[in-house]
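Dropping upload-v2.cif in here (mmCIF, C-alpha atoms):
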data_start
#
loop_
_atom_site.label_atom_id
_atom_site.label_comp_id
_atom_site.auth_asym_id
_atom_site.auth_seq_id
_atom_site.Cartn_x
_atom_site.Cartn_y
_atom_site.Cartn_z
CA MET Y 24 80.61 122.71 123.83
CA LYS Y 25 80.11 124.36 120.47
CA PRO Y 26 77.17 122.86 118.59
CA GLY Y 27 77.61 120.57 115.61
CA PHE Y 28 75.58 120.66 112.42
CA LEU Y 29 75.37 119.24 108.94
CA MET Y 30 76.99 121.37 106.26
CA VAL Y 31 76.07 120.57 102.67
CA VAL Y 32 78.56 121.74 100.06
CA SER Y 33 77.58 121.88 96.38
CA GLY Y 34 78.73 123.62 93.25
CA PRO Y 35 79.33 122.89 89.58
CA ALA Y 36 82.03 120.43 88.51
CA GLY Y 37 85.40 122.07 88.03
CA VAL Y 38 84.91 124.58 90.83
CA GLY Y 39 87.34 122.92 93.23
CA LYS Y 40 84.86 121.67 95.85
CA GLY Y 41 86.82 118.49 96.56
CA THR Y 42 90.14 120.25 97.27
CA LEU Y 43 88.38 122.91 99.30
CA VAL Y 44 86.56 120.40 101.49
CA SER Y 45 89.70 118.27 102.02
CA GLU Y 46 91.63 121.35 103.06
CA LEU Y 47 88.89 122.49 105.44
CA ILE Y 48 88.82 119.08 107.11
CA ARG Y 49 92.61 119.00 107.38
CA LEU Y 50 92.69 122.41 109.09
CA ASN Y 51 89.55 122.31 111.25
CA GLU Y 52 89.44 119.33 113.57
CA GLN Y 53 85.78 119.87 114.38
CA THR Y 54 84.87 119.10 110.76
CA LEU Y 55 84.65 115.68 109.17
CA LEU Y 56 83.51 114.35 105.84
CA SER Y 57 80.35 112.28 105.73
CA VAL Y 58 81.26 108.84 104.39
CA SER Y 59 78.87 107.48 101.76
CA ALA Y 60 77.78 103.90 101.38
CA THR Y 61 78.16 102.28 97.95
CA THR Y 62 77.72 98.98 96.18
CA ARG Y 63 80.69 99.84 93.95
CA ALA Y 64 83.63 97.46 94.47
CA PRO Y 65 86.51 98.92 96.49
CA ARG Y 66 89.47 100.04 94.40
CA PRO Y 67 92.99 99.14 95.43
CA GLY Y 68 93.92 101.06 98.59
CA GLU Y 69 90.31 102.00 99.48
CA GLU Y 70 89.23 101.07 103.00
CA ASP Y 71 85.76 100.39 104.38
CA GLY Y 72 84.59 103.43 106.39
CA VAL Y 73 87.26 105.74 104.95
CA GLN Y 74 86.46 106.42 101.28
CA TYR Y 75 83.11 104.56 101.44
CA TRP Y 76 81.14 102.05 103.43
CA PHE Y 77 81.17 99.12 101.01
CA LYS Y 78 77.88 97.22 100.87
CA ASP Y 79 76.38 94.48 98.72
CA ARG Y 80 73.21 95.30 96.78
CA GLN Y 81 70.97 93.44 99.20
CA SER Y 82 72.22 95.33 102.28
CA PHE Y 83 72.01 98.63 100.41
CA GLU Y 84 68.42 97.97 99.31
CA GLN Y 85 67.56 97.04 102.88
CA MET Y 86 68.95 100.41 104.03
CA ILE Y 87 66.74 102.11 101.43
CA HIS Y 88 63.63 100.25 102.62
CA GLU Y 89 64.40 100.94 106.28
CA ASP Y 90 64.87 104.68 105.65
CA GLN Y 91 68.45 104.55 106.84
CA LEU Y 92 69.73 106.75 104.02
CA LEU Y 93 69.63 110.52 103.97
CA GLU Y 94 69.73 110.38 100.18
CA TRP Y 95 70.75 107.84 97.59
CA VAL Y 96 71.22 107.56 93.82
CA GLU Y 97 71.88 104.78 91.36
CA TYR Y 98 74.70 105.73 89.03
CA CYS Y 99 76.32 103.53 86.36
CA GLY Y 100 74.72 100.44 87.91
CA ASN Y 101 75.89 101.13 91.45
CA TYR Y 102 74.13 102.59 94.45
CA TYR Y 103 75.57 105.54 96.38
CA GLY Y 104 73.99 107.01 99.51
CA THR Y 105 74.49 108.74 102.86
CA PRO Y 106 73.76 106.66 105.97
CA VAL Y 107 71.78 108.85 108.35
CA ASP Y 108 72.96 107.26 111.63
CA HIS Y 109 76.58 108.31 111.17
CA VAL Y 110 75.57 111.92 110.41
CA THR Y 111 73.19 112.19 113.37
CA ALA Y 112 75.68 110.69 115.83
CA SER Y 113 78.52 112.96 114.72
CA VAL Y 114 76.37 116.12 114.84
CA ALA Y 115 75.25 115.18 118.36
CA GLU Y 116 78.93 114.93 119.35
CA GLY Y 117 79.45 118.53 118.20
CA LYS Y 118 80.98 117.73 114.82
CA ILE Y 119 80.48 119.72 111.64
CA VAL Y 120 79.63 116.95 109.19
CA ILE Y 121 80.41 117.96 105.63
CA LEU Y 122 78.39 116.42 102.86
CA GLU Y 123 79.57 117.12 99.33
CA ILE Y 124 76.55 116.49 97.16
CA GLU Y 125 74.79 117.65 94.00
CA VAL Y 126 72.01 120.21 94.13
CA GLU Y 127 68.91 118.00 93.95
CA GLY Y 128 70.19 115.86 96.82
CA ALA Y 129 71.05 118.97 98.83
CA LEU Y 130 67.48 120.24 98.74
CA ASN Y 131 66.20 116.83 99.83
CA ILE Y 132 68.54 116.98 102.80
CA ARG Y 133 67.23 120.39 103.76
CA ARG Y 134 63.77 118.80 104.03
CA ILE Y 135 65.02 116.10 106.41
CA PHE Y 136 67.48 118.31 108.35
CA PRO Y 137 66.03 121.84 108.34
CA ASP Y 138 69.01 122.96 110.46
CA ALA Y 139 71.56 121.93 107.83
CA VAL Y 140 73.65 124.76 106.38
CA LEU Y 141 73.76 124.79 102.56
CA VAL Y 142 76.85 126.33 100.97
CA PHE Y 143 77.27 126.81 97.25
CA ILE Y 144 80.84 127.02 95.90
CA LEU Y 145 81.14 129.45 93.01
CA PRO Y 146 83.90 129.96 90.45
CA PRO Y 147 85.47 133.46 90.31
CA ASP Y 148 83.39 134.03 87.16
CA LEU Y 149 81.56 132.13 84.44
CA GLU Y 150 84.43 132.38 81.95
CA THR Y 151 86.82 130.59 84.32
CA LEU Y 152 84.26 127.84 84.81
CA LYS Y 153 83.70 127.43 81.08
CA LYS Y 154 87.44 127.16 80.51
CA ARG Y 155 87.82 124.56 83.23
CA LEU Y 156 84.91 122.51 81.91
CA SER Y 157 86.19 122.67 78.32
CA GLY Y 158 89.38 120.94 79.49
CA ARG Y 159 92.38 120.93 77.24
CA GLY Y 160 90.30 120.96 74.08
CA THR Y 161 90.99 117.26 73.49
CA GLU Y 162 87.53 115.99 74.46
CA PRO Y 163 84.52 115.50 72.18
CA GLU Y 164 82.32 118.56 71.86
CA ASP Y 165 79.19 116.77 73.05
CA VAL Y 166 80.92 115.77 76.32
CA ILE Y 167 81.87 119.39 76.93
CA TYR Y 168 78.40 120.56 75.95
CA ARG Y 169 76.78 118.18 78.47
CA ARG Y 170 79.12 119.39 81.20
CA LEU Y 171 78.27 123.00 80.55
CA LYS Y 172 74.54 122.21 80.49
CA ARG Y 173 74.88 120.44 83.84
CA ALA Y 174 76.82 123.39 85.31
CA GLU Y 175 74.05 125.70 84.14
CA GLU Y 176 71.45 123.47 85.77
CA GLU Y 177 73.37 123.41 89.04
CA LEU Y 178 73.89 127.16 89.09
CA SER Y 179 70.14 127.61 88.72
CA PHE Y 180 69.84 126.20 92.28
CA LEU Y 181 72.11 128.88 93.79
CA SER Y 182 69.22 130.96 95.12
CA ARG Y 183 68.02 128.02 97.26
CA TYR Y 184 71.29 127.91 99.22
CA ASP Y 185 72.10 129.71 102.47
CA TYR Y 186 75.61 130.89 101.66
CA PHE Y 187 77.96 131.18 98.73
CA VAL Y 188 81.74 130.99 98.77
CA MET Y 189 83.66 132.12 95.73
CA ASN Y 190 86.68 129.92 95.21
CA VAL Y 191 89.33 132.40 94.06
CA SER Y 192 92.07 130.75 96.11
CA ILE Y 193 91.83 127.67 98.34
CA PRO Y 194 93.22 129.30 101.54
CA GLN Y 195 90.83 132.25 101.21
CA ALA Y 196 87.87 130.02 100.45
CA VAL Y 197 88.69 127.79 103.45
CA GLU Y 198 88.80 130.89 105.65
CA LYS Y 199 85.39 131.98 104.39
CA LEU Y 200 83.94 128.54 105.11
CA THR Y 201 85.47 128.66 108.59
CA LYS Y 202 83.83 132.03 109.29
CA ILE Y 203 80.47 130.66 108.19
CA ILE Y 204 80.93 127.70 110.56
CA ASP Y 205 81.92 130.01 113.38
CA ALA Y 206 78.93 132.29 112.87
CA GLU Y 207 76.50 129.37 112.59
CA GLN Y 208 77.78 127.99 115.89
CA ARG Y 209 76.83 131.30 117.51
CA ARG Y 210 73.22 131.01 116.39
CA VAL Y 211 71.00 131.21 119.42
CA ASN Y 212 68.72 128.43 118.14
CA ARG Y 213 71.68 126.04 117.92
CA ASN Y 214 72.44 126.62 121.61
CA PRO Y 215 69.37 125.71 123.66
CA GLU Y 216 71.54 124.90 126.70
CA LEU Y 217 72.95 128.41 126.66
CA VAL Y 218 69.48 129.95 126.53
CA GLN Y 219 68.55 127.74 129.47
CA ARG Y 220 71.64 128.78 131.43
CA PHE Y 221 70.85 132.48 131.11
CA GLN Y 222 67.29 132.33 132.33
CA VAL Y 223 67.70 133.94 135.74
CA VAL Y 224 65.45 132.31 138.30
CA MET I 8 80.25 145.21 96.50
CA LYS I 9 79.54 143.39 99.74
CA PRO I 10 75.95 143.89 100.88
CA GLY I 11 75.04 146.12 103.81
CA PHE I 12 72.48 145.33 106.49
CA LEU I 13 71.09 146.50 109.77
CA MET I 14 72.65 144.87 112.83
CA VAL I 15 70.77 145.24 116.10
CA VAL I 16 72.86 144.79 119.24
CA SER I 17 71.18 144.23 122.61
CA GLY I 18 72.06 142.81 125.98
CA PRO I 19 71.61 143.58 129.65
CA ALA I 20 73.17 146.68 131.20
CA GLY I 21 76.69 146.11 132.45
CA VAL I 22 77.57 143.65 129.72
CA GLY I 23 79.88 146.01 127.83
CA LYS I 24 77.76 146.58 124.69
CA GLY I 25 78.83 150.21 124.32
CA THR I 26 82.58 149.54 124.43
CA LEU I 27 82.16 146.54 122.14
CA VAL I 28 80.21 148.48 119.53
CA SER I 29 82.63 151.46 119.61
CA GLU I 30 85.57 149.11 119.13
CA LEU I 31 83.87 147.28 116.26
CA ILE I 32 83.17 150.57 114.49
CA ARG I 33 86.73 151.77 115.05
CA LEU I 34 88.18 148.59 113.51
CA ASN I 35 85.70 147.84 110.72
CA GLU I 36 85.23 150.71 108.33
CA GLN I 37 82.16 149.16 106.76
CA THR I 38 80.29 149.51 110.06
CA LEU I 39 78.72 152.66 111.46
CA LEU I 40 76.55 153.49 114.41
CA SER I 41 72.99 154.52 113.75
CA VAL I 42 72.55 158.05 115.06
CA SER I 43 69.35 158.59 117.06
CA ALA I 44 67.20 161.68 117.04
CA THR I 45 66.33 163.28 120.39
CA THR I 46 64.58 166.29 121.89
CA ARG I 47 67.12 166.28 124.72
CA ALA I 48 69.27 169.43 124.75
CA PRO I 49 72.80 168.93 123.43
CA ARG I 50 75.44 168.68 126.17
CA PRO I 51 78.69 170.62 125.84
CA GLY I 52 80.77 169.12 123.04
CA GLU I 53 77.89 167.19 121.44
CA GLU I 54 77.36 167.82 117.74
CA ASP I 55 74.24 167.47 115.62
CA GLY I 56 74.47 164.26 113.57
CA VAL I 57 77.31 162.82 115.64
CA GLN I 58 75.99 161.84 119.08
CA TYR I 59 72.38 162.63 118.13
CA TRP I 60 70.23 164.47 115.66
CA PHE I 61 68.88 167.24 117.90
CA LYS I 62 65.22 168.08 117.25
CA ASP I 63 62.57 170.22 118.91
CA ARG I 64 59.43 168.47 120.18
CA GLN I 65 57.34 169.63 117.25
CA SER I 66 59.71 168.26 114.58
CA PHE I 67 60.07 165.02 116.53
CA GLU I 68 56.31 164.56 116.80
CA GLN I 69 56.00 165.26 113.10
CA MET I 70 58.53 162.49 112.43
CA ILE I 71 56.41 160.16 114.56
CA HIS I 72 53.24 161.02 112.66
CA GLU I 73 54.93 160.68 109.29
CA ASP I 74 56.33 157.23 110.18
CA GLN I 75 59.88 158.43 109.76
CA LEU I 76 61.10 156.65 112.88
CA LEU I 77 62.10 153.02 113.06
CA GLU I 78 61.33 153.09 116.79
CA TRP I 79 60.99 155.76 119.44
CA VAL I 80 60.54 156.11 123.20
CA GLU I 81 59.81 158.91 125.61
CA TYR I 82 62.20 158.80 128.53
CA CYS I 83 62.52 161.33 131.37
CA GLY I 84 60.45 163.84 129.39
CA ASN I 85 62.51 163.59 126.19
CA TYR I 86 61.93 161.72 122.96
CA TYR I 87 64.54 159.37 121.53
CA GLY I 88 64.17 157.57 118.21
CA THR I 89 65.87 156.11 115.13
CA PRO I 90 65.26 157.95 111.84
CA VAL I 91 64.56 155.34 109.18
CA ASP I 92 65.90 157.31 106.18
CA HIS I 93 69.48 157.36 107.44
CA VAL I 94 69.44 153.60 108.11
CA THR I 95 67.96 152.72 104.71
CA ALA I 96 70.37 154.97 102.81
CA SER I 97 73.45 153.61 104.61
CA VAL I 98 72.40 149.98 104.14
CA ALA I 99 71.86 150.64 100.41
CA GLU I 100 75.43 152.02 100.25
CA GLY I 101 76.72 148.69 101.61
CA LYS I 102 77.17 149.79 105.22
CA ILE I 103 76.59 147.65 108.28
CA VAL I 104 74.44 149.96 110.39
CA ILE I 105 74.69 149.10 114.07
CA LEU I 106 71.74 149.89 116.27
CA GLU I 107 72.27 149.46 120.01
CA ILE I 108 68.80 149.10 121.44
CA GLU I 109 66.82 147.36 124.18
CA VAL I 110 64.99 144.12 123.55
CA GLU I 111 61.42 145.31 122.95
CA GLY I 112 62.64 147.82 120.35
CA ALA I 113 64.78 145.17 118.70
CA LEU I 114 61.82 142.90 118.05
CA ASN I 115 59.87 145.81 116.57
CA ILE I 116 62.73 146.44 114.20
CA ARG I 117 62.72 142.84 113.08
CA ARG I 118 59.09 143.35 112.01
CA ILE I 119 59.99 146.38 109.88
CA PHE I 120 63.35 145.05 108.61
CA PRO I 121 63.05 141.25 108.42
CA ASP I 122 66.61 141.12 107.04
CA ALA I 123 68.10 142.77 110.13
CA VAL I 124 70.56 140.64 112.09
CA LEU I 125 69.85 140.52 115.83
CA VAL I 126 72.82 139.91 118.11
CA PHE I 127 72.54 139.45 121.86
CA ILE I 128 75.62 140.26 123.95
CA LEU I 129 75.98 137.93 126.94
CA PRO I 130 78.15 138.20 130.05
CA PRO I 131 80.60 135.30 130.65
CA ASP I 132 78.14 134.04 133.29
CA LEU I 133 75.29 135.21 135.47
CA GLU I 134 77.48 135.74 138.54
CA THR I 135 79.69 138.23 136.69
CA LEU I 136 76.62 140.13 135.55
CA LYS I 137 75.15 140.24 139.05
CA LYS I 138 78.43 141.57 140.44
CA ARG I 139 78.61 144.26 137.76
CA LEU I 140 75.02 145.34 138.35
CA SER I 141 75.47 145.43 142.13
CA GLY I 142 78.16 148.07 141.63
CA ARG I 143 80.42 148.91 144.50
CA GLY I 144 77.80 148.16 147.10
CA THR I 145 77.23 151.87 147.72
CA GLU I 146 73.86 152.07 145.96
CA PRO I 147 70.44 151.57 147.52
CA GLU I 148 69.22 147.99 147.45
CA ASP I 149 66.05 148.81 145.53
CA VAL I 150 68.07 150.37 142.69
CA ILE I 151 70.18 147.22 142.43
CA TYR I 152 67.07 145.05 142.66
CA ARG I 153 65.41 146.92 139.80
CA ARG I 154 68.55 146.57 137.67
CA LEU I 155 68.68 142.84 138.27
CA LYS I 156 64.97 142.49 137.46
CA ARG I 157 65.50 144.39 134.21
CA ALA I 158 68.49 142.21 133.29
CA GLU I 159 66.34 139.14 133.93
CA GLU I 160 63.62 140.57 131.69
CA GLU I 161 66.11 141.30 128.91
CA LEU I 162 67.71 137.86 129.11
CA SER I 163 64.27 136.31 128.65
CA PHE I 164 64.37 137.68 125.06
CA LEU I 165 67.59 135.84 124.18
CA SER I 166 65.81 133.04 122.32
CA ARG I 167 64.30 135.56 119.87
CA TYR I 168 67.73 136.71 118.66
CA ASP I 169 69.72 135.32 115.73
CA TYR I 170 73.16 135.21 117.31
CA PHE I 171 74.80 135.52 120.70
CA VAL I 172 78.28 136.82 121.48
CA MET I 173 79.72 136.21 124.91
CA ASN I 174 81.76 139.19 126.00
CA VAL I 175 84.70 137.57 127.78
CA SER I 176 87.22 140.03 126.31
CA ILE I 177 86.57 142.97 124.00
CA PRO I 178 89.04 141.94 121.23
CA GLN I 179 87.63 138.40 121.14
CA ALA I 180 84.05 139.64 121.14
CA VAL I 181 84.81 142.10 118.32
CA GLU I 182 86.31 139.24 116.31
CA LYS I 183 83.18 137.16 116.83
CA LEU I 184 80.97 140.03 115.69
CA THR I 185 83.19 140.49 112.65
CA LYS I 186 82.82 136.82 111.72
CA ILE I 187 79.05 137.10 112.02
CA ILE I 188 79.11 140.13 109.71
CA ASP I 189 81.34 138.32 107.25
CA ALA I 190 79.12 135.23 107.16
CA GLU I 191 75.93 137.30 106.80
CA GLN I 192 77.44 139.10 103.81
CA ARG I 193 77.88 135.71 102.15
CA ARG I 194 74.20 134.87 102.45
CA VAL I 195 72.86 134.13 99.01
CA ASN I 196 69.64 136.09 99.67
CA ARG I 197 71.64 139.24 100.45
CA ASN I 198 73.32 139.02 97.03
CA PRO I 199 70.64 139.07 94.32
CA GLU I 200 73.11 140.57 91.82
CA LEU I 201 75.44 137.64 92.28
CA VAL I 202 72.63 135.13 91.70
CA GLN I 203 71.75 137.07 88.52
CA ARG I 204 75.35 137.07 87.33
CA PHE I 205 75.66 133.29 87.60
CA GLN I 206 72.55 132.43 85.62
CA VAL I 207 74.15 131.13 82.45
CA VAL I 208 72.13 132.06 79.40
#

Give the structure from this file in structure tokens form.
Amino acid sequence: MKPGFLMVVSGPAGVGKGTLVSELIRLNEQTLLSVSATTRAPRPGEEDGVQYWFKDRQSFEQMIHEDQLLEWVEYCGNYYGTPVDHVTASVAEGKIVILEIEVEGALNIRRIFPDAVLVFILPPDLETLKKRLSGRGTEPEDVIYRRLKRAEEELSFLSRYDYFVMNVSIPQAVEKLTKIIDAEQRRVNRNPELVQRFQVV
Amino acid sequence: MKPGFLMVVSGPAGVGKGTLVSELIRLNEQTLLSVSATTRAPRPGEEDGVQYWFKDRQSFEQMIHEDQLLEWVEYCGNYYGTPVDHVTASVAEGKIVILEIEVEGALNIRRIFPDAVLVFILPPDLETLKKRLSGRGTEPEDVIYRRLKRAEEELSFLSRYDYFVMNVSIPQAVEKLTKIIDAEQRRVNRNPELVQRFQVV
């Protein structure tokens, strides 16, 4: 069996991470998206365990206190976090668990899972990113300015990542991600059983 | 430009390393084989700089003393070694320099070039390897025994390598090596210019 691992995917807003990850998961049946827990109310059509694990504040805070979350944030009055048990179980089953997460959270995850693979999604160039973040020119300047500042902040974390994938086209970028997965599965240190098997006695 | 690096390929005798490496180099124009220097006399048809750099003993020993060799051995009265200048220059040009070398040499190279990628070629299973090493049953038992012992010794180094590739079929194994190369070229730390380019100022 090929080994599973946790793959963290980050990158500035507007770079197409979401589409890229969805497409990867659609095409590669060994991959799956890590489902976050949240105290946000489900929107129409959202199902528990699909888009999110829906929790009340008390249960979420209990998960925090019991160290059951890989990372968590409070955002606009709601909690969001990644339950560790689901990730660990899926990796043990040989799954590539994809976690789409911002840069600060990604580095925290590296501390907890040193074997996680960190991939940074890049735009073709900075100009393209600036255009995408500026939108259709109908938004207030300060909103755009904050977005650009945040993109700059996120890009400053690039050097801490293992791999980069430039998103020029979705099919190409998915192929690059797939090659990274394939190579990582051939890492000797991810295959202790194999090492064992080839020790001639 | 995609970054170059040194790729060390090892594995027990009889595993098909040579064929695999030749095929990789034939198909991937970014790869090239590191040419060794030797004091062995050229055989008919061999050209300087193609199969080997042919040197006299004095020049070879001078290269040793001047630290111009990545590694060297004396074998059957002749010196064999890898000139460092050729490797460094080719890597700087963006080439993947392939060095086919035994395990002890490989670990030495890792010390000198920490960025080298070490790939171990494995047989499909131990039985296949034993059959291949036993030959056609026409060789003396002690020769076969020594070969098996050496294979055992080499396999004990597997855990020190970065990647493994199981050589079930040459085209498949070449594809796996190619994916490893592709992934390694997307490592953020091999692309300092890229990191520079995406620092928004």

*Taking the file above as input, evaluate the PyMOL selection byres ((chain I) within 10 of (chain Y)) and report the hits as a PyMOL selection string.*
chain I and resi 126-127+129-130+132-133+155-156+158-173+183-199+201-208

*Counting all atoms listed in the file, what is within 10 Å of range 81-88 of chain Y, bar same-chain residues fewer than 6 positions away, as a VMD selection string?*
chain Y and resid 60 to 62 94 to 95 102 to 104 106 to 107

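Once the PyMOL selection byres ((chain Y and resi 64) around 9) is applied to the shown structure, the selection contains Thr61, Thr62, Arg63, Pro65, Arg66, Phe77, Lys78 and Asp79 of chain Y.
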
*With a distance cut-off of 10 Å and only C-alpha atoms, select the neighbouring residues of Asp138 in chain Y, excluding the residue or stretch itself and same-chain residues fewer than 5 positions from it, and output the selection as a list in words.*
Phe28, Leu29, Met30, Ile132, Arg133, Asn212 and Arg213 of chain Y

*Name the residues in contact with Thr111 in chain Y at a cut-off of 12 Å, using all atoms listed in the file, excluding same-chain residues fewer than 4 positions from it; report them as a list in words.*
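Answer for this query is Gly27, Phe28, Leu29, Ser57, Gln91, Leu92, Leu93, Thr105, Pro106, Val107, Ala115, Glu116, Gly117, Lys118, Ile119, Val120, Ile135, Phe136, Asp138 and Ala139 of chain Y.
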
_With all atoms listed in the file as the counted atoms, please give the residues lying no more than 8 Å from range 150-156 of chain Y, apart from itself and same-chain residues fewer than 3 positions off, as a list in words._
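Neighbouring residues, sequence-local ones excluded: Ala36, Gly37, Val38, Pro146, Pro147, Ile167, Arg170 and Leu171 of chain Y.
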
*Work out how far CA of Gly142 in chain I is from CA of Gly52 in chain I, in Å to one decimal.*
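Value for the CA of Gly52 in chain I-CA of Gly142 in chain I distance: 28.2 Å.
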